[in-house]
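Q: Have a look at the structure that comes next, please.
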Amino acid sequence: MEVIEMNIRDIKMKARSVLVNQKNIFYVFIFISIITTLVNYAGASFGAAMIPFISLIISIIMLPFSHGNVVASLMVVNERGDEIDIENVGLTGFKRFKQLFFTYFIQYVFLLVIVLFIGLIMLLITKLTVDTDVFNEFSNLLLAEGMYASDFNGIVNDPIFNDAVTSLGSIIVIGTLIIAIAALMYSLVFALTPYILEKYKITGIKAMSESARMMKGYKKTLFILNLSYLGWIILIYIVALILQMLMPVPLVVELLVALASAYLYAVELQTCTAVLFEEIDLEDKNLI
């Protein structure tokens, strides 16, 4: 049950009202999207050519770079949108890297640990329930037809592959579903962490614990709020697929998708989350 009644429509209306004539927040989102896309693309290209795992390392380093979006959304919600400096706010993640990184990193690590733990449990269940011969035969099939001959059709049409899919398919589906649900719950529970970090300068596990406390009774609200933008997200995904077919230049497509996402839903969704945070925070203070 919700602690206070929060209407999704009211949250959206407030977010849209504070975004009127606030172009700078859009520019901040676009600025961050462009920089992030360029850096990640360069990291992926460089890593593929020279150093393995460089893309992952760069992605981890870039974790706090999106914090400028949080700063901008809070400023707009608190009627300080006119004070937004595009470069200054957009580079918040770099300028305050030392202060921000640990909180973003620990939140990422905890999620990774949860996913790996679930994966190990599912692997153990698979080992206990599936005949070892299935694994051995499937491995031999990949070596014989897949890795060397690159004969994908040969793998798919082989009876051994069909037997493996039959044996492992349900476990893989269940495991994937469990991981997806766990990741969703994790994102909802700790959704307010960056806002708490920004407003109260609480860092690390303390910020995550505070987010978990404040989100009690509001996870459903935040879930429905995010779900209401699913149509735009699907549309962007479809457009991205079409662009990739028409214009097979990954970097250009990624930049266009980033721009479209910011314009169509990302800015408004982030502002809605900031509105929800401020409402929960206000109610939390009133209960003290």
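For the structure tokens, the naming scheme is as follows: chains receive sequential letters (A, B, ...) according to their order of presentation, residues are indexed from 1 within each chain, and ligands are indexed from 1 in presentation order.
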Report as a PDB file with N, CA and C atoms, in the first residue's frame all protein, DNA and RNA residues lying within 6 Å of segment 198-214 of chain A, evaluated on only C-alpha atoms, omitting residues in the same chain fewer than 4 positions from it.

A:
ATOM      1  N   THR A 103      29.983   5.682  -4.948  1.00  0.00           N
ATOM      2  CA  THR A 103      28.558   5.362  -4.793  1.00  0.00           C
ATOM      3  C   THR A 103      28.018   4.659  -6.030  1.00  0.00           C
ATOM      4  N   VAL A 189      14.411  -0.355  -5.799  1.00  0.00           N
ATOM      5  CA  VAL A 189      14.783  -0.145  -4.393  1.00  0.00           C
ATOM      6  C   VAL A 189      15.833   0.953  -4.258  1.00  0.00           C
ATOM      7  N   PHE A 190      16.802   0.961  -5.165  1.00  0.00           N
ATOM      8  CA  PHE A 190      17.912   1.913  -5.046  1.00  0.00           C
ATOM      9  C   PHE A 190      17.827   3.062  -6.056  1.00  0.00           C
ATOM     10  N   LEU A 192      16.563   5.989  -5.826  1.00  0.00           N
ATOM     11  CA  LEU A 192      16.751   7.344  -5.287  1.00  0.00           C
ATOM     12  C   LEU A 192      18.182   7.609  -4.827  1.00  0.00           C
ATOM     13  N   THR A 193      19.046   6.615  -4.937  1.00  0.00           N
ATOM     14  CA  THR A 193      20.428   6.763  -4.459  1.00  0.00           C
ATOM     15  C   THR A 193      21.133   7.998  -5.028  1.00  0.00           C
TER      16      THR A 193
END

Q: Which residues are near Leu256 of chain A? Cut-off 12 Å, only C-alpha atoms, ignore same chain within fewer than 5 positions. Put them as a list in words.

A: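 Final neighbour list, sorted by chain and number: Ile30, Ser33, Ile34, Thr37, Ile236, Tyr237, Val239, Ala240, Leu241, Leu243, Gln244, Met247, Val249, Pro250, Leu251, Ser261, Ala262 and Tyr263 of chain A.
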
Q: Would you save the residues of that selection, restricted to C-alpha atoms, as a CSV table (one decimal), in the first residue's frame?

A:
chain,number,residue,atom,x,y,z
A,30,ILE,CA,22.1,15.8,-25.2
A,33,SER,CA,24.5,11.5,-24.3
A,34,ILE,CA,26.9,12.6,-27.0
A,37,THR,CA,28.3,7.6,-26.7
A,236,ILE,CA,13.1,4.3,-30.3
A,237,TYR,CA,14.3,0.7,-30.5
A,239,VAL,CA,13.7,3.3,-35.2
A,240,ALA,CA,17.2,2.2,-34.3
A,241,LEU,CA,16.8,-1.1,-36.1
A,243,LEU,CA,18.4,3.2,-39.1
A,244,GLN,CA,20.9,0.3,-38.8
A,247,MET,CA,22.6,3.5,-42.5
A,249,VAL,CA,27.2,3.4,-39.4
A,250,PRO,CA,26.9,2.4,-35.7
A,251,LEU,CA,28.3,5.6,-34.2
A,261,SER,CA,15.7,9.5,-26.6
A,262,ALA,CA,16.5,12.7,-24.8
A,263,TYR,CA,13.8,14.6,-26.8

Q: Pick out the closest residue to Gly81 of chain A from this set: A:Thr271, A:Asn286, A:Ser45, A:Ser187. Count only C-alpha atoms.

A: A:Thr271

Q: So the first atom is atom CA of Ala183 of chain A and the second is atom CA of Leu111 of chain A; what is the distance between them in Å, to one decimal place?

A: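 Taking atom CA of Ala183 of chain A as the start and atom CA of Leu111 of chain A as the end point, the length is 7.0 Å.
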
Q: Of the candidates A:Ile11, A:Ala72, A:Met245, A:Ile58, which shows the shortest atom-to-atom distance to Ile25 of chain A, using only C-alpha atoms?

A: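 Of the candidates, the smallest distance to Ile25 of chain A is held by A:Ala72.
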
Q: Name the closest residue to Gln99 of chain A among the candidates A:Leu197, A:Asp85, A:Thr126, A:Ala182; distances are taken between atoms, counting only C-alpha atoms.

A: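 Smallest separation from Gln99 of chain A among the options: A:Leu197.
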